[in-house]
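**Q** Data: start-v3.pdb, PDB, C-alpha atoms and all ligand atoms.
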ATOM      1  CA  MET A  19      11.331 232.053 -39.054  1.00  0.00           C
ATOM      2  CA  LYS A  20      10.800 229.026 -36.812  1.00  0.00           C
ATOM      3  CA  LYS A  21      11.612 225.537 -37.884  1.00  0.00           C
ATOM      4  CA  GLY A  22      10.852 222.093 -36.642  1.00  0.00           C
ATOM      5  CA  PHE A  23      11.080 220.273 -33.425  1.00  0.00           C
ATOM      6  CA  ALA A  24      14.327 220.088 -31.492  1.00  0.00           C
ATOM      7  CA  ILE A  25      15.638 218.235 -28.475  1.00  0.00           C
ATOM      8  CA  TYR A  26      17.922 219.971 -25.994  1.00  0.00           C
ATOM      9  CA  PRO A  27      19.523 217.070 -24.099  1.00  0.00           C
ATOM     10  CA  GLY A  28      21.707 217.355 -21.028  1.00  0.00           C
ATOM     11  CA  SER A  29      22.291 216.579 -17.381  1.00  0.00           C
ATOM     12  CA  PHE A  30      21.037 219.939 -16.009  1.00  0.00           C
ATOM     13  CA  ASP A  31      22.485 219.148 -12.566  1.00  0.00           C
ATOM     14  CA  PRO A  32      21.492 221.832 -11.733  1.00  0.00           C
ATOM     15  CA  PRO A  33      20.019 224.023 -14.490  1.00  0.00           C
ATOM     16  CA  THR A  34      22.042 227.236 -14.798  1.00  0.00           C
ATOM     17  CA  ASN A  35      21.312 230.672 -16.225  1.00  0.00           C
ATOM     18  CA  GLY A  36      23.326 229.553 -19.251  1.00  0.00           C
ATOM     19  CA  HIS A  37      20.921 226.632 -19.826  1.00  0.00           C
ATOM     20  CA  LEU A  38      17.949 228.922 -19.407  1.00  0.00           C
ATOM     21  CA  ASP A  39      19.421 231.458 -21.823  1.00  0.00           C
ATOM     22  CA  LEU A  40      19.856 228.701 -24.410  1.00  0.00           C
ATOM     23  CA  ILE A  41      16.337 227.379 -23.849  1.00  0.00           C
ATOM     24  CA  GLN A  42      14.944 230.881 -24.425  1.00  0.00           C
ATOM     25  CA  ARG A  43      16.995 231.321 -27.597  1.00  0.00           C
ATOM     26  CA  GLY A  44      16.051 227.829 -28.820  1.00  0.00           C
ATOM     27  CA  SER A  45      12.366 228.446 -28.182  1.00  0.00           C
ATOM     28  CA  GLN A  46      12.538 231.441 -30.516  1.00  0.00           C
ATOM     29  CA  ILE A  47      14.076 229.428 -33.316  1.00  0.00           C
ATOM     30  CA  PHE A  48      12.269 226.108 -33.149  1.00  0.00           C
ATOM     31  CA  ASP A  49       8.525 225.502 -33.279  1.00  0.00           C
ATOM     32  CA  GLU A  50       8.872 223.166 -30.348  1.00  0.00           C
ATOM     33  CA  LEU A  51      11.760 222.494 -27.998  1.00  0.00           C
ATOM     34  CA  VAL A  52      11.970 219.522 -25.667  1.00  0.00           C
ATOM     35  CA  VAL A  53      14.474 219.863 -22.852  1.00  0.00           C
ATOM     36  CA  ALA A  54      15.484 216.248 -22.212  1.00  0.00           C
ATOM     37  CA  ILE A  55      17.170 215.244 -18.956  1.00  0.00           C
ATOM     38  CA  LEU A  56      19.409 212.182 -19.139  1.00  0.00           C
ATOM     39  CA  ARG A  57      18.193 209.660 -16.561  1.00  0.00           C
ATOM     40  CA  ASN A  58      20.979 207.139 -16.124  1.00  0.00           C
ATOM     41  CA  SER A  59      24.200 209.065 -16.273  1.00  0.00           C
ATOM     42  CA  GLU A  60      27.410 207.466 -14.982  1.00  0.00           C
ATOM     43  CA  LYS A  61      27.873 210.484 -12.759  1.00  0.00           C
ATOM     44  CA  VAL A  62      26.325 210.560  -9.289  1.00  0.00           C
ATOM     45  CA  PRO A  63      24.037 213.582  -9.497  1.00  0.00           C
ATOM     46  CA  MET A  64      23.520 216.227  -6.856  1.00  0.00           C
ATOM     47  CA  PHE A  65      19.834 216.532  -7.757  1.00  0.00           C
ATOM     48  CA  SER A  66      17.545 213.631  -8.587  1.00  0.00           C
ATOM     49  CA  VAL A  67      15.947 213.546 -12.022  1.00  0.00           C
ATOM     50  CA  ALA A  68      12.612 214.450 -10.397  1.00  0.00           C
ATOM     51  CA  GLU A  69      14.164 217.502  -8.716  1.00  0.00           C
ATOM     52  CA  ARG A  70      15.805 218.653 -11.942  1.00  0.00           C
ATOM     53  CA  ARG A  71      12.566 218.121 -13.852  1.00  0.00           C
ATOM     54  CA  GLU A  72      10.643 220.145 -11.280  1.00  0.00           C
ATOM     55  CA  MET A  73      13.147 223.025 -11.447  1.00  0.00           C
ATOM     56  CA  LEU A  74      13.072 223.071 -15.264  1.00  0.00           C
ATOM     57  CA  LEU A  75       9.273 222.967 -15.286  1.00  0.00           C
ATOM     58  CA  GLN A  76       9.178 226.038 -13.063  1.00  0.00           C
ATOM     59  CA  LEU A  77      11.830 227.848 -15.081  1.00  0.00           C
ATOM     60  CA  THR A  78      10.127 227.303 -18.421  1.00  0.00           C
ATOM     61  CA  ALA A  79       6.515 227.718 -17.299  1.00  0.00           C
ATOM     62  CA  ASP A  80       6.151 230.887 -19.378  1.00  0.00           C
ATOM     63  CA  LEU A  81       7.582 229.363 -22.566  1.00  0.00           C
ATOM     64  CA  ARG A  82       4.625 227.861 -24.388  1.00  0.00           C
ATOM     65  CA  ASN A  83       6.588 225.824 -26.938  1.00  0.00           C
ATOM     66  CA  VAL A  84       9.002 224.261 -24.423  1.00  0.00           C
ATOM     67  CA  ARG A  85       8.420 220.873 -22.820  1.00  0.00           C
ATOM     68  CA  ILE A  86      10.454 218.984 -20.248  1.00  0.00           C
ATOM     69  CA  ASP A  87      11.104 215.275 -20.609  1.00  0.00           C
ATOM     70  CA  THR A  88      13.587 212.640 -19.459  1.00  0.00           C
ATOM     71  CA  PHE A  89      15.348 209.967 -21.465  1.00  0.00           C
ATOM     72  CA  ASP A  90      17.461 206.899 -21.093  1.00  0.00           C
ATOM     73  CA  GLY A  91      19.989 205.196 -23.366  1.00  0.00           C
ATOM     74  CA  LEU A  92      21.162 206.638 -26.665  1.00  0.00           C
ATOM     75  CA  MET A  93      20.120 210.235 -27.238  1.00  0.00           C
ATOM     76  CA  VAL A  94      19.707 209.699 -30.997  1.00  0.00           C
ATOM     77  CA  GLU A  95      17.302 206.814 -30.379  1.00  0.00           C
ATOM     78  CA  TYR A  96      15.283 209.024 -28.084  1.00  0.00           C
ATOM     79  CA  ALA A  97      15.335 211.888 -30.625  1.00  0.00           C
ATOM     80  CA  LYS A  98      14.197 209.463 -33.358  1.00  0.00           C
ATOM     81  CA  SER A  99      11.395 208.097 -31.188  1.00  0.00           C
ATOM     82  CA  MET A 100      10.206 211.676 -30.664  1.00  0.00           C
ATOM     83  CA  ASP A 101      10.448 212.446 -34.382  1.00  0.00           C
ATOM     84  CA  ALA A 102      12.772 215.375 -33.694  1.00  0.00           C
ATOM     85  CA  SER A 103      14.656 216.922 -36.578  1.00  0.00           C
ATOM     86  CA  CYS A 104      17.391 218.620 -34.558  1.00  0.00           C
ATOM     87  CA  VAL A 105      19.474 218.399 -31.428  1.00  0.00           C
ATOM     88  CA  LEU A 106      20.319 221.681 -29.750  1.00  0.00           C
ATOM     89  CA  ARG A 107      23.553 222.064 -27.803  1.00  0.00           C
ATOM     90  CA  GLY A 108      25.270 225.089 -26.336  1.00  0.00           C
ATOM     91  CA  ILE A 109      28.874 226.048 -26.923  1.00  0.00           C
ATOM     92  CA  ARG A 110      30.356 228.463 -24.435  1.00  0.00           C
ATOM     93  CA  ALA A 111      34.036 228.560 -25.235  1.00  0.00           C
ATOM     94  CA  VAL A 112      36.616 226.846 -27.424  1.00  0.00           C
ATOM     95  CA  SER A 113      37.079 224.292 -24.642  1.00  0.00           C
ATOM     96  CA  ASP A 114      33.553 222.953 -25.258  1.00  0.00           C
ATOM     97  CA  TYR A 115      34.189 222.526 -28.949  1.00  0.00           C
ATOM     98  CA  GLU A 116      36.172 219.289 -28.962  1.00  0.00           C
ATOM     99  CA  TYR A 117      33.709 217.355 -26.804  1.00  0.00           C
ATOM    100  CA  GLU A 118      30.723 218.746 -28.658  1.00  0.00           C
ATOM    101  CA  LEU A 119      32.269 218.032 -32.053  1.00  0.00           C
ATOM    102  CA  GLN A 120      32.979 214.411 -31.082  1.00  0.00           C
ATOM    103  CA  MET A 121      29.494 213.965 -29.739  1.00  0.00           C
ATOM    104  CA  ALA A 122      27.805 215.571 -32.752  1.00  0.00           C
ATOM    105  CA  LEU A 123      29.825 213.486 -35.197  1.00  0.00           C
ATOM    106  CA  MET A 124      29.226 210.271 -33.257  1.00  0.00           C
ATOM    107  CA  ASN A 125      25.520 211.022 -33.170  1.00  0.00           C
ATOM    108  CA  ARG A 126      25.586 211.735 -36.907  1.00  0.00           C
ATOM    109  CA  LYS A 127      27.372 208.420 -37.504  1.00  0.00           C
ATOM    110  CA  ILE A 128      24.590 206.584 -35.644  1.00  0.00           C
ATOM    111  CA  GLU A 129      21.760 208.631 -37.138  1.00  0.00           C
ATOM    112  CA  PRO A 130      22.760 210.636 -40.234  1.00  0.00           C
ATOM    113  CA  THR A 131      19.380 212.361 -40.549  1.00  0.00           C
ATOM    114  CA  LEU A 132      19.603 214.046 -37.145  1.00  0.00           C
ATOM    115  CA  GLU A 133      21.319 217.445 -37.231  1.00  0.00           C
ATOM    116  CA  THR A 134      23.051 219.049 -34.251  1.00  0.00           C
ATOM    117  CA  VAL A 135      22.579 222.798 -33.998  1.00  0.00           C
ATOM    118  CA  PHE A 136      24.924 224.796 -31.767  1.00  0.00           C
ATOM    119  CA  MET A 137      23.982 228.052 -30.131  1.00  0.00           C
ATOM    120  CA  MET A 138      25.949 230.352 -27.864  1.00  0.00           C
ATOM    121  CA  PRO A 139      24.556 231.566 -24.587  1.00  0.00           C
ATOM    122  CA  ALA A 140      25.006 235.243 -23.635  1.00  0.00           C
ATOM    123  CA  ASP A 141      28.685 235.969 -23.050  1.00  0.00           C
ATOM    124  CA  LYS A 142      28.032 236.796 -19.395  1.00  0.00           C
ATOM    125  CA  TYR A 143      27.320 233.080 -18.908  1.00  0.00           C
ATOM    126  CA  SER A 144      30.272 231.837 -20.943  1.00  0.00           C
ATOM    127  CA  TYR A 145      32.085 230.543 -17.855  1.00  0.00           C
ATOM    128  CA  VAL A 146      29.038 229.137 -16.068  1.00  0.00           C
ATOM    129  CA  SER A 147      28.720 225.367 -15.837  1.00  0.00           C
ATOM    130  CA  SER A 148      26.685 223.065 -13.592  1.00  0.00           C
ATOM    131  CA  ARG A 149      29.898 221.492 -12.352  1.00  0.00           C
ATOM    132  CA  LEU A 150      31.392 224.816 -11.222  1.00  0.00           C
ATOM    133  CA  VAL A 151      28.093 225.899  -9.697  1.00  0.00           C
ATOM    134  CA  ARG A 152      27.998 222.670  -7.653  1.00  0.00           C
ATOM    135  CA  GLU A 153      31.612 223.116  -6.633  1.00  0.00           C
ATOM    136  CA  VAL A 154      31.191 226.740  -5.525  1.00  0.00           C
ATOM    137  CA  ALA A 155      27.899 226.037  -3.728  1.00  0.00           C
ATOM    138  CA  GLN A 156      29.314 222.980  -1.954  1.00  0.00           C
ATOM    139  CA  ALA A 157      32.198 225.092  -0.685  1.00  0.00           C
ATOM    140  CA  GLY A 158      29.753 227.699   0.600  1.00  0.00           C
ATOM    141  CA  GLY A 159      30.484 230.268  -2.111  1.00  0.00           C
ATOM    142  CA  PRO A 160      27.957 232.584  -3.793  1.00  0.00           C
ATOM    143  CA  VAL A 161      26.123 231.429  -6.908  1.00  0.00           C
ATOM    144  CA  LYS A 162      23.825 234.426  -7.227  1.00  0.00           C
ATOM    145  CA  GLY A 163      23.453 235.460 -10.857  1.00  0.00           C
ATOM    146  CA  LEU A 164      24.791 232.141 -12.112  1.00  0.00           C
ATOM    147  CA  VAL A 165      21.632 230.142 -11.538  1.00  0.00           C
ATOM    148  CA  PRO A 166      17.972 231.147 -11.391  1.00  0.00           C
ATOM    149  CA  GLU A 167      16.644 232.015  -7.916  1.00  0.00           C
ATOM    150  CA  VAL A 168      14.642 228.810  -7.619  1.00  0.00           C
ATOM    151  CA  VAL A 169      17.826 226.807  -8.206  1.00  0.00           C
ATOM    152  CA  GLU A 170      19.742 228.947  -5.731  1.00  0.00           C
ATOM    153  CA  GLN A 171      17.099 228.138  -3.129  1.00  0.00           C
ATOM    154  CA  LYS A 172      17.230 224.396  -3.934  1.00  0.00           C
ATOM    155  CA  LEU A 173      21.024 224.451  -3.586  1.00  0.00           C
ATOM    156  CA  ARG A 174      20.662 226.131  -0.225  1.00  0.00           C
ATOM    157  CA  GLU A 175      18.144 223.518   0.897  1.00  0.00           C
ATOM    158  CA  LYS A 176      20.347 220.692  -0.311  1.00  0.00           C
ATOM    159  CA  LEU A 177      23.577 221.956   1.178  1.00  0.00           C
ATOM    160  CA  ASP A 178      22.696 223.862   4.337  1.00  0.00           C
ATOM    161  CA  PRO A 179      22.918 221.310   7.192  1.00  0.00           C
ATOM    162  CA  VAL A 180      20.719 223.393   9.487  1.00  0.00           C
ATOM    163  CA  TYR A 181      18.038 223.602   6.801  1.00  0.00           C
ATOM    164  CA  ARG A 182      18.244 219.827   6.211  1.00  0.00           C
ATOM    165  CA  LEU A 183      17.914 218.945   9.896  1.00  0.00           C
ATOM    166  CA  GLN A 184      15.057 221.401  10.183  1.00  0.00           C
ATOM    167  CA  GLU A 185      13.297 219.841   7.188  1.00  0.00           C
ATOM    168  CA  ALA A 186      13.750 216.375   8.681  1.00  0.00           C
ATOM    169  CA  ASN A 187      12.254 217.634  11.941  1.00  0.00           C
ATOM    170  CA  VAL A 188      15.462 216.741  13.771  1.00  0.00           C
ATOM    171  CA  ILE A 189      15.953 220.241  15.123  1.00  0.00           C
ATOM    172  CA  GLU A 190      13.729 223.187  15.686  1.00  0.00           C
ATOM    173  CA  VAL A 191      15.201 226.566  14.881  1.00  0.00           C
ATOM    174  CA  PRO A 192      13.831 229.161  17.322  1.00  0.00           C
ATOM    175  CA  ARG A 193      12.034 232.075  15.716  1.00  0.00           C
ATOM    176  CA  ARG A 194      13.583 235.489  16.290  1.00  0.00           C
ATOM    177  CA  ARG A 195      11.760 237.558  18.891  1.00  0.00           C
ATOM    178  CA  LYS A 196      10.486 240.927  17.725  1.00  0.00           C
ATOM    179  CA  LYS A 197      12.276 243.801  19.400  1.00  0.00           C
ATOM    180  CA  LYS A 198      10.180 245.691  21.882  1.00  0.00           C
ATOM    181  CA  ALA A 199       9.403 249.201  20.760  1.00  0.00           C
TER     182      ALA A 199
HETATM  183  O1  LIG B 201      24.910 218.258 -19.985  1.00  0.00           O
HETATM  184  P1  LIG B 201      25.843 217.195 -20.473  1.00  0.00           P
HETATM  185  O2  LIG B 201      26.213 216.258 -19.344  1.00  0.00           O
HETATM  186  O3  LIG B 201      27.030 217.746 -21.194  1.00  0.00           O
HETATM  187  O4  LIG B 201      24.988 216.331 -21.536  1.00  0.00           O
HETATM  188  C1  LIG B 201      25.551 215.225 -22.165  1.00  0.00           C
HETATM  189  C2  LIG B 201      24.471 214.381 -22.875  1.00  0.00           C
HETATM  190  C3  LIG B 201      23.371 213.975 -21.902  1.00  0.00           C
HETATM  191  C4  LIG B 201      23.862 215.173 -23.996  1.00  0.00           C
HETATM  192  C5  LIG B 201      25.175 213.128 -23.469  1.00  0.00           C
HETATM  193  O5  LIG B 201      25.933 212.517 -22.493  1.00  0.00           O
HETATM  194  C6  LIG B 201      24.186 212.119 -24.046  1.00  0.00           C
HETATM  195  O6  LIG B 201      23.569 212.359 -25.054  1.00  0.00           O
HETATM  196  N1  LIG B 201      24.057 210.961 -23.362  1.00  0.00           N
HETATM  197  C7  LIG B 201      23.133 209.928 -23.726  1.00  0.00           C
HETATM  198  C8  LIG B 201      23.873 208.682 -24.169  1.00  0.00           C
HETATM  199  C9  LIG B 201      24.385 208.844 -25.581  1.00  0.00           C
HETATM  200  O7  LIG B 201      23.663 209.023 -26.518  1.00  0.00           O
HETATM  201  N2  LIG B 201      25.733 208.814 -25.688  1.00  0.00           N
HETATM  202  C10 LIG B 201      26.429 208.978 -26.941  1.00  0.00           C
HETATM  203  C11 LIG B 201      26.836 210.418 -27.152  1.00  0.00           C
HETATM  204  S1  LIG B 201      27.801 210.593 -28.592  1.00  0.00           S
END
So that I can check it, write out the structure of this file as C-alpha cells.
**A**
Amino acid sequence: MKKGFAIYPGSFDPPTNGHLDLIQRGSQIFDELVVAILRNSEKVPMFSVAERREMLLQLTADLRNVRIDTFDGLMVEYAKSMDASCVLRGIRAVSDYEYELQMALMNRKIEPTLETVFMMPADKYSYVSSRLVREVAQAGGPVKGLVPEVVEQKLREKLDPVYRLQEANVIEVPRRRKKKA
C-alpha cells in the first residue's frame, strides 16, 4: 500500500548509504518521494548544493518515483508549496530522537497538517552519518561501504591534493610505463 507524496529533507553533505537506504524504503511506501536538499544552511558544506544534487540524481536514477530538489527557508513552507502530505526523516539511534522530536513538533506547531514519518535505516548503517564520513575521509581514513561508490570517488577528488592539482592542470602525473615482457 503506497500513500501520498512525501518530502525527505536534509543536508546530504555527502549522501551516505544510510540516506540511500532510507530513500529506497521511502520510495516503496510513498507514491512519490522528493529528496530536498537545504540550500542555505548555517554550516559551511563540503560539497556545493549542485554537487550534492548531482550525486543524488545519479544514486536515485533507477527509482522512478523519486525526485531531487533543493529548498530554502522553512521546510514546512516548502512542503506546503509542494502540496506534500508527509515529511520523511530517518532515526538511527536513541541519540537522534531528541533532535528529531523537537524538529517534528516545531514543524507541527507551524503547520499542523504536515505529518512527520520516521523510518529506520538498516542496522548496518545505524552509526553512519555525513559528519563522521567527512571527518574520516578528511583524515584519510576508509569510507568504503559507508557511502555509495560515486560519493567515495567524489570525496577522493575533493580531498586528494594530487588529484586536485591534476584536475586544475597544475601538475601532470606521469603515466606508469608498462613492464617489458
Ligand atoms: O540532514 P540534516 O542537516 O539533519 O537536515 C536538517 C533539515 C535540513 C531537515 C532542517 O535543518 C530543516 O528543515 N531546515 C530548514 C529550516 C527549517 O525549517 N528549520 C526549522 C526546523 S524545526
**Q** Please report, as lines of an AutoDock Vina configuration file, the centre and edge lengths in Å to one decimal of an axis-aligned box covering all listed atoms of ligand LIG 201 (chain B) with 3 Å per side.
**A**
center_x = 25.5
center_y = 213.5
center_z = -24.0
size_x = 10.7
size_y = 15.6
size_z = 15.2
**Q** Env of Leu132 in chain A: 12 Å cut, atoms = all atoms listed in the file, seq-sep filter 4 positions within chain, self excluded. Answer as a ChimeraX atom specification.
**A** /A:22-25,93-106,122-128
**Q** With a cut-off of 12 Å, could you pull out the residues of chain A touching ligand LIG 201 (chain B) and give me the nearest pair of atoms for each, distance in Å to one decimal, using only C-alpha atoms and all ligand atoms, ordered by chain and ascending number, as CSV?
**A**
residue,atom,partner,partner_atom,distance
A:Ile25,CA,B:LIG201,C4,9.9
A:Tyr26,CA,B:LIG201,C4,7.9
A:Pro27,CA,B:LIG201,C4,4.7
A:Gly28,CA,B:LIG201,O4,3.5
A:Ser29,CA,B:LIG201,O1,4.1
A:Phe30,CA,B:LIG201,O1,5.8
A:Asp31,CA,B:LIG201,O1,7.9
A:Pro32,CA,B:LIG201,O1,9.6
A:Pro33,CA,B:LIG201,O1,9.3
A:Thr34,CA,B:LIG201,O1,10.8
A:Gly36,CA,B:LIG201,O1,11.4
A:His37,CA,B:LIG201,O1,9.3
A:Val53,CA,B:LIG201,C4,10.6
A:Ala54,CA,B:LIG201,C3,8.2
A:Ile55,CA,B:LIG201,C3,7.0
A:Leu56,CA,B:LIG201,C3,5.2
A:Arg57,CA,B:LIG201,C3,8.6
A:Asn58,CA,B:LIG201,C7,8.4
A:Ser59,CA,B:LIG201,O5,7.3
A:Glu60,CA,B:LIG201,O5,9.2
A:Lys61,CA,B:LIG201,O2,8.9
A:Val62,CA,B:LIG201,O2,11.6
A:Pro63,CA,B:LIG201,O2,10.4
A:Thr88,CA,B:LIG201,C3,10.2
A:Phe89,CA,B:LIG201,C7,8.1
A:Asp90,CA,B:LIG201,C7,6.9
A:Gly91,CA,B:LIG201,C8,5.3
A:Leu92,CA,B:LIG201,O7,3.5
A:Met93,CA,B:LIG201,O7,3.8
A:Val94,CA,B:LIG201,O7,6.0
A:Glu95,CA,B:LIG201,O7,7.8
A:Tyr96,CA,B:LIG201,O7,8.5
A:Ala97,CA,B:LIG201,O7,9.7
A:Lys98,CA,B:LIG201,O7,11.7
A:Val105,CA,B:LIG201,C4,9.2
A:Leu106,CA,B:LIG201,C4,9.4
A:Arg107,CA,B:LIG201,C4,7.9
A:Gly108,CA,B:LIG201,O3,9.1
A:Ile109,CA,B:LIG201,O3,10.3
A:Arg110,CA,B:LIG201,O3,11.7
A:Asp114,CA,B:LIG201,O3,9.3
A:Tyr115,CA,B:LIG201,O3,11.6
A:Tyr117,CA,B:LIG201,O3,8.7
A:Glu118,CA,B:LIG201,O3,8.4
A:Leu119,CA,B:LIG201,S1,9.3
A:Gln120,CA,B:LIG201,S1,6.9
A:Met121,CA,B:LIG201,S1,3.9
A:Ala122,CA,B:LIG201,S1,6.5
A:Leu123,CA,B:LIG201,S1,7.5
A:Met124,CA,B:LIG201,S1,4.9
A:Asn125,CA,B:LIG201,S1,5.1
A:Arg126,CA,B:LIG201,S1,8.7
A:Lys127,CA,B:LIG201,S1,9.2
A:Ile128,CA,B:LIG201,S1,8.7
A:Glu129,CA,B:LIG201,S1,10.6
A:Thr134,CA,B:LIG201,C4,11.0
A:Ser147,CA,B:LIG201,O1,9.1
A:Ser148,CA,B:LIG201,O1,8.2
A:Arg149,CA,B:LIG201,O2,9.5
**Q** When you count all atoms listed in the file, which of these residues is closest to Phe65 in chain A: A:Lys21, A:Arg152, A:Thr78, A:Val168?
**A** A:Arg152
**Q** Separation of CA of Arg43 in chain A and CA of Gly163 in chain A, in Å?
**A**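 Distance reported for this atom pair: 18.4 Å.
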**Q** Just how far from CA of Ile86 in chain A is CA of Arg71 in chain A, in Å to one decimal?
**A** 6.8 Å
**Q** Please list as a PyMOL selection string every residue within 10 Å of Asn35 in chain A, counting all atoms listed in the file and excluding residues in the same chain fewer than 2 positions away.
**A** chain A and resi 32-33+37-41+77+139-140+142-143+146-148+163-167+169
**Q** Can you tell me how far CA of Phe48 in chain A sits from CA of Glu170 in chain A, in Å to one decimal?
**A**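 Those two atoms sit 28.6 Å apart.
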**Q** Can you translate the PyMOL selection byres (((chain A and resi 82) around 12) and not hetatm) into the concrete residues it hits in this file, as a VMD selection string?
**A** chain A and resid 41 to 42 45 to 46 48 to 52 75 77 to 81 83 to 86
**Q** Restricting the calculation to only C-alpha atoms, which member of A:Val67, A:Ile47, A:Leu177, A:Ala111 is positioned closest to Met138 in chain A?
**A** A:Ala111
**Q** Would you mind telling me which residue in A:Met137, A:Met64, A:Val112, A:Met73 lies nearest to Glu153 in chain A when using only C-alpha atoms?
**A**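 When distances to Glu153 in chain A are compared using only C-alpha atoms, the smallest one comes from A:Met64.
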**Q** Could you add whatever atoms are missing so that range 118-131 of chain A carries N, CA, C and O atoms, then write the result as a PDB file, keeping the file's coordinate frame?
**A**
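Produced file out_25.pdb, reproduced below:
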ATOM      1  N   GLU A 118      31.979 218.603 -27.922  1.00  0.00           N
ATOM      2  CA  GLU A 118      30.723 218.746 -28.658  1.00  0.00           C
ATOM      3  C   GLU A 118      30.864 218.237 -30.093  1.00  0.00           C
ATOM      4  O   GLU A 118      29.937 217.623 -30.631  1.00  0.00           O
ATOM      5  N   LEU A 119      32.032 218.504 -30.690  1.00  0.00           N
ATOM      6  CA  LEU A 119      32.269 218.032 -32.053  1.00  0.00           C
ATOM      7  C   LEU A 119      32.243 216.502 -32.093  1.00  0.00           C
ATOM      8  O   LEU A 119      31.589 215.896 -32.940  1.00  0.00           O
ATOM      9  N   GLN A 120      32.948 215.876 -31.139  1.00  0.00           N
ATOM     10  CA  GLN A 120      32.979 214.411 -31.082  1.00  0.00           C
ATOM     11  C   GLN A 120      31.572 213.852 -30.922  1.00  0.00           C
ATOM     12  O   GLN A 120      31.193 212.892 -31.604  1.00  0.00           O
ATOM     13  N   MET A 121      30.827 214.469 -30.018  1.00  0.00           N
ATOM     14  CA  MET A 121      29.494 213.965 -29.739  1.00  0.00           C
ATOM     15  C   MET A 121      28.592 214.135 -30.971  1.00  0.00           C
ATOM     16  O   MET A 121      27.866 213.219 -31.348  1.00  0.00           O
ATOM     17  N   ALA A 122      28.661 215.308 -31.585  1.00  0.00           N
ATOM     18  CA  ALA A 122      27.805 215.571 -32.752  1.00  0.00           C
ATOM     19  C   ALA A 122      28.144 214.610 -33.896  1.00  0.00           C
ATOM     20  O   ALA A 122      27.246 214.086 -34.569  1.00  0.00           O
ATOM     21  N   LEU A 123      29.440 214.364 -34.090  1.00  0.00           N
ATOM     22  CA  LEU A 123      29.825 213.486 -35.197  1.00  0.00           C
ATOM     23  C   LEU A 123      29.475 212.028 -34.900  1.00  0.00           C
ATOM     24  O   LEU A 123      29.084 211.282 -35.797  1.00  0.00           O
ATOM     25  N   MET A 124      29.621 211.631 -33.637  1.00  0.00           N
ATOM     26  CA  MET A 124      29.226 210.271 -33.257  1.00  0.00           C
ATOM     27  C   MET A 124      27.722 210.099 -33.440  1.00  0.00           C
ATOM     28  O   MET A 124      27.264 209.089 -33.984  1.00  0.00           O
ATOM     29  N   ASN A 125      26.982 211.086 -33.009  1.00  0.00           N
ATOM     30  CA  ASN A 125      25.520 211.022 -33.170  1.00  0.00           C
ATOM     31  C   ASN A 125      25.139 210.971 -34.652  1.00  0.00           C
ATOM     32  O   ASN A 125      24.224 210.256 -35.040  1.00  0.00           O
ATOM     33  N   ARG A 126      25.876 211.734 -35.467  1.00  0.00           N
ATOM     34  CA  ARG A 126      25.586 211.735 -36.907  1.00  0.00           C
ATOM     35  C   ARG A 126      25.899 210.369 -37.526  1.00  0.00           C
ATOM     36  O   ARG A 126      25.232 209.899 -38.428  1.00  0.00           O
ATOM     37  N   LYS A 127      26.990 209.756 -36.991  1.00  0.00           N
ATOM     38  CA  LYS A 127      27.372 208.420 -37.504  1.00  0.00           C
ATOM     39  C   LYS A 127      26.244 207.420 -37.217  1.00  0.00           C
ATOM     40  O   LYS A 127      25.905 206.582 -38.047  1.00  0.00           O
ATOM     41  N   ILE A 128      25.656 207.520 -36.028  1.00  0.00           N
ATOM     42  CA  ILE A 128      24.590 206.584 -35.644  1.00  0.00           C
ATOM     43  C   ILE A 128      23.289 206.921 -36.380  1.00  0.00           C
ATOM     44  O   ILE A 128      22.574 206.042 -36.822  1.00  0.00           O
ATOM     45  N   GLU A 129      23.022 208.226 -36.503  1.00  0.00           N
ATOM     46  CA  GLU A 129      21.760 208.631 -37.138  1.00  0.00           C
ATOM     47  C   GLU A 129      22.006 209.834 -38.057  1.00  0.00           C
ATOM     48  O   GLU A 129      21.907 210.987 -37.630  1.00  0.00           O
ATOM     49  N   PRO A 130      22.361 209.550 -39.327  1.00  0.00           N
ATOM     50  CA  PRO A 130      22.760 210.636 -40.234  1.00  0.00           C
ATOM     51  C   PRO A 130      21.682 211.691 -40.481  1.00  0.00           C
ATOM     52  O   PRO A 130      22.010 212.809 -40.901  1.00  0.00           O
ATOM     53  N   THR A 131      20.430 211.373 -40.232  1.00  0.00           N
ATOM     54  CA  THR A 131      19.380 212.361 -40.549  1.00  0.00           C
ATOM     55  C   THR A 131      19.186 213.391 -39.433  1.00  0.00           C
ATOM     56  O   THR A 131      18.478 214.385 -39.619  1.00  0.00           O
TER      57      THR A 131
END
